[in-house]
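J.: My questions will all concern the structure given below.
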Amino acid sequence: LKKADFIPTYINIFHKLDEINYIAVLFFIIYIFILYFLKKYNRQYSLNIPAELILLVSSTFIVYIFNLNDQLPILGDIPSGLPSFTLPKIFKYQISTMISEAFVLAMIIYIISSSIGKTFARQQNYNINPNQELLALGLANLFGSFFSAYPACGSLSRSAIANSLNTHTLLHNLFSSIIVVIVLLFLTKLLKSLPMSILACIIFYSLRRLLAQISEAKRLWKLSISDAMMWIITFCATLLLGTTFGIISGSLFSLVVIVKRLARPQYTLMGKL
C-alpha cells in the first residue's frame, strides 16, 4: 500500500487482524502500565525518574537476553556515523517539475509546525511568532540541504514527549542532539534489539492529551458553528485522506467562511435620535 492510501490501509488493518503479533501487544500493554505508574509516582512525590529511559533499556535488555529478535518487530540495524557535507545538486534535476511539489511541501511543513506550536503554546500559556517559526524552518532546511537531510518540520510525537518531560527551554534540543550524535557514533549496535512496540507505547502515552482534544469540537460548536465545521472537516479529511488533503480541505473551507463573512458583514441600524 502507498502511504497516501489511508482508507485502504484502515481496511487492510481489519483484514489482517489474524496476523497480530501478540508478543508485541503484550509488551505494549505491560510497558504502558509501567510508564503510567512511573509518571504517577513522579507527580505524587515530585521526583524525576527517567521513565522513558527505563522502558527503553529494560525492554531492549529483555529482548536481547531471551533472544526475541525474531519474535517481534525490533528497530534493527542502524547505520552508524554522521552524514558528510555535500553541496546540493541543484542542476541534476528539472527544477520546473519540482516547484509545485516543493511549494505544497513547504506549506504543509509550515502549517503543521505552526499548529503544533500553537497547541503547546495554549497548554503552557505562552505566545509564538509565526514569522519567527517560518524563518527558523527556512534556515533549518537551508543548512540541512548541505547534509542530505530530510525536510525539517515540527514533530507532534517528539514535541508531546518533550512536553511530558516538562522541558521549558530550547536547551533540551541541544542536549538531545548531543545524545543523538553519541548514539550514532558509538551506540547503534545496542539499539538493534529495541522493540518497536515500546516506541509506540511512549509516543501513544505522550499523545494522550492531544487525542483528548477531540472534545474541542463540542466547545467550538457552542461558540461558532462555522469554526466547528472547519475543525470537523479538516479532522475527517486528514483522518481519511491524509495530511495534504486535510490541510487543503480546511484551507478551502476557511476561505469560503471568510468570503461569506465579508459578503454578509454585521451591521447595526441606528434609529433617529
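We name chains A, B, ... following the order of the C-alpha cells; residues begin at 1 in each chain, and ligands are numbered from 1 as shown.
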Determine, counting only C-alpha atoms, which protein, DNA and RNA residues have an atom within 10 Å of an atom of Lys192 in chain A; residues of the same chain fewer than 2 positions away are not included. Present the result as a ChimeraX atom specification.

T.: /A:60,63-64,69,74-78,187-190,194-195

J.: Residues as selected, C-alpha atoms, written as a short mmCIF file (atom, residue, chain, number, x, y, z; two decimals), in the first residue's frame, can you do that?

T.:
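Below is the file that was written, part_5.cif:
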data_model
loop_
_atom_site.label_atom_id
_atom_site.label_comp_id
_atom_site.auth_asym_id
_atom_site.auth_seq_id
_atom_site.Cartn_x
_atom_site.Cartn_y
_atom_site.Cartn_z
CA THR A 60 15.97 -3.90 24.92
CA VAL A 63 14.62 -8.90 24.03
CA TYR A 64 18.37 -9.47 23.85
CA ASN A 69 14.62 -10.62 17.90
CA ILE A 74 12.56 -4.51 16.51
CA LEU A 75 14.45 -1.39 15.49
CA GLY A 76 17.08 -3.41 13.65
CA ASP A 77 20.40 -2.26 12.26
CA ILE A 78 21.04 1.49 12.36
CA LEU A 187 25.83 3.01 20.46
CA THR A 188 23.93 1.96 17.33
CA LYS A 189 24.56 -1.75 17.94
CA LEU A 190 23.00 -1.53 21.41
CA LEU A 194 14.82 -2.22 20.83
CA PRO A 195 11.15 -3.29 20.31
#

J.: Leaving out Ile90 in chain A and any residue of its chain fewer than 6 positions from it, which residues lie within 12 Å of it when counting only C-alpha atoms, given as a count of residues only?

T.: 4

J.: Neighbouring residues of range 150-162 of chain A were defined as those with any atom within 10 Å, considering only C-alpha atoms; residues of the same chain fewer than 3 positions away were excluded. Please report them as a PyMOL selection string.

T.: chain A and resi 52+105-106+108-117+119-120+133+136-142+144-145+147+165-168+172-173+200+202-210

J.: Go ahead and dump the residues you just picked, N, CA and C atoms, as a compact mmCIF listing (two decimals), in the first residue's frame.

T.:
# COMPACT_ATOMS: atom_id res chain seq x y z
N GLU A 52 10.92 6.98 30.55
CA GLU A 52 11.11 6.57 29.16
C GLU A 52 12.43 5.83 28.98
N LEU A 105 4.80 21.05 -0.22
CA LEU A 105 5.53 20.51 0.94
C LEU A 105 5.88 21.61 1.92
N ALA A 106 6.32 22.77 1.40
CA ALA A 106 6.65 23.89 2.29
C ALA A 106 5.43 24.38 3.05
N ILE A 108 2.76 22.59 3.83
CA ILE A 108 2.39 21.57 4.81
C ILE A 108 3.31 21.66 6.03
N ILE A 109 4.61 21.80 5.78
CA ILE A 109 5.58 21.89 6.88
C ILE A 109 5.27 23.09 7.76
N TYR A 110 5.00 24.25 7.14
CA TYR A 110 4.74 25.46 7.92
C TYR A 110 3.45 25.34 8.71
N ILE A 111 2.39 24.82 8.08
CA ILE A 111 1.09 24.70 8.77
C ILE A 111 1.18 23.71 9.92
N ILE A 112 1.82 22.56 9.69
CA ILE A 112 1.95 21.56 10.74
C ILE A 112 2.76 22.10 11.91
N SER A 113 3.90 22.72 11.60
CA SER A 113 4.77 23.25 12.66
C SER A 113 4.07 24.35 13.45
N SER A 114 3.37 25.25 12.75
CA SER A 114 2.66 26.32 13.43
C SER A 114 1.52 25.77 14.29
N SER A 115 0.82 24.78 13.78
CA SER A 115 -0.28 24.18 14.54
C SER A 115 0.22 23.52 15.81
N ILE A 116 1.33 22.78 15.68
CA ILE A 116 1.92 22.13 16.86
C ILE A 116 2.36 23.19 17.87
N GLY A 117 3.01 24.24 17.37
CA GLY A 117 3.46 25.30 18.27
C GLY A 117 2.31 25.98 19.00
N THR A 119 -0.62 24.69 19.62
CA THR A 119 -1.25 23.74 20.54
C THR A 119 -0.54 23.73 21.89
N PHE A 120 0.78 23.63 21.87
CA PHE A 120 1.52 23.59 23.13
C PHE A 120 1.64 24.98 23.75
N GLU A 133 8.76 31.42 13.35
CA GLU A 133 8.70 30.00 13.03
C GLU A 133 9.05 29.75 11.57
N ALA A 136 12.79 30.15 11.12
CA ALA A 136 13.51 29.01 11.70
C ALA A 136 13.42 27.79 10.79
N LEU A 137 12.24 27.52 10.24
CA LEU A 137 12.08 26.38 9.34
C LEU A 137 12.90 26.57 8.07
N GLY A 138 12.91 27.81 7.54
CA GLY A 138 13.68 28.08 6.35
C GLY A 138 15.18 27.87 6.56
N LEU A 139 15.71 28.38 7.67
CA LEU A 139 17.14 28.22 7.96
C LEU A 139 17.49 26.76 8.22
N ALA A 140 16.61 26.05 8.93
CA ALA A 140 16.86 24.63 9.23
C ALA A 140 16.94 23.81 7.94
N ASN A 141 16.01 24.06 7.03
CA ASN A 141 16.03 23.32 5.77
C ASN A 141 17.17 23.76 4.87
N LEU A 142 17.56 25.03 4.95
CA LEU A 142 18.68 25.51 4.15
C LEU A 142 19.99 24.82 4.56
N GLY A 144 20.20 22.09 6.40
CA GLY A 144 20.05 20.65 6.29
C GLY A 144 20.30 20.13 4.88
N SER A 145 20.07 20.98 3.88
CA SER A 145 20.28 20.55 2.49
C SER A 145 21.74 20.24 2.20
N PHE A 147 23.63 18.54 4.10
CA PHE A 147 23.94 17.25 4.72
C PHE A 147 22.95 16.16 4.30
N LEU A 165 7.93 15.58 29.48
CA LEU A 165 9.14 15.59 30.32
C LEU A 165 9.35 16.94 31.00
N ASN A 166 8.37 17.86 30.84
CA ASN A 166 8.42 19.18 31.49
C ASN A 166 9.62 20.01 31.04
N THR A 167 9.96 19.94 29.76
CA THR A 167 11.01 20.81 29.24
C THR A 167 10.43 22.20 28.97
N HIS A 168 11.16 23.23 29.35
CA HIS A 168 10.64 24.59 29.25
C HIS A 168 11.51 25.51 28.38
N HIS A 172 16.82 21.77 25.58
CA HIS A 172 16.64 20.32 25.50
C HIS A 172 16.97 19.82 24.10
N ASN A 173 16.80 20.69 23.07
CA ASN A 173 17.19 20.30 21.71
C ASN A 173 18.70 20.12 21.59
N ALA A 200 6.21 2.85 20.23
CA ALA A 200 4.79 3.16 20.06
C ALA A 200 4.14 3.46 21.40
N ILE A 202 5.56 4.79 24.13
CA ILE A 202 5.99 6.11 24.60
C ILE A 202 5.27 7.21 23.83
N ILE A 203 5.18 7.05 22.51
CA ILE A 203 4.51 8.06 21.69
C ILE A 203 3.02 8.13 22.01
N PHE A 204 2.39 6.97 22.14
CA PHE A 204 0.95 6.93 22.43
C PHE A 204 0.65 7.58 23.78
N TYR A 205 1.47 7.30 24.77
CA TYR A 205 1.24 7.89 26.10
C TYR A 205 1.44 9.41 26.06
N SER A 206 2.41 9.86 25.30
CA SER A 206 2.68 11.29 25.21
C SER A 206 1.58 12.03 24.46
N LEU A 207 0.89 11.34 23.53
CA LEU A 207 -0.15 11.97 22.71
C LEU A 207 -1.53 11.88 23.33
N ARG A 208 -1.66 11.28 24.50
CA ARG A 208 -2.99 11.02 25.04
C ARG A 208 -3.77 12.31 25.28
N ARG A 209 -3.11 13.37 25.74
CA ARG A 209 -3.81 14.64 25.99
C ARG A 209 -4.23 15.30 24.69
N LEU A 210 -3.40 15.16 23.66
CA LEU A 210 -3.78 15.74 22.37
C LEU A 210 -4.94 14.98 21.75

J.: How far is it from CA of Ile23 in chain A to CA of Gln71 in chain A, in Å with one decimal?

T.: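 CA of Ile23 in chain A sits 7.2 Å away from CA of Gln71 in chain A.
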
J.: Write down as JSON, numbers by chain the residues of range 16-161 of chain A whose backbone DSSP state falls under helix (DSSP H, G or I).

T.: {"A": [17, 18, 19, 22, 23, 24, 25, 26, 27, 28, 29, 30, 31, 32, 33, 34, 35, 36, 37, 38, 39, 40, 41, 42, 43, 44, 45, 51, 52, 53, 54, 55, 56, 57, 58, 59, 60, 61, 62, 63, 64, 65, 90, 91, 92, 95, 96, 97, 98, 99, 100, 101, 102, 103, 104, 105, 106, 107, 108, 109, 110, 111, 112, 113, 114, 115, 116, 117, 118, 119, 120, 121, 122, 123, 124, 130, 131, 132, 133, 134, 135, 136, 137, 138, 139, 140, 141, 142, 143, 144, 145, 146, 147, 156, 157, 158, 159, 160, 161]}

J.: Determine, counting only C-alpha atoms, which protein, DNA and RNA residues have an atom within 12 Å of an atom of Lys218 in chain A; residues of the same chain fewer than 3 positions away are not included. Present the result as a ChimeraX atom specification.

T.: /A:213-215,221-225,227-229,231-232

J.: For Phe28 in chain A, which of A:Leu171, A:Arg43, A:Cys201, A:Ser176 is the closest residue, counting only C-alpha atoms?

T.: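 Closest candidate: A:Cys201.
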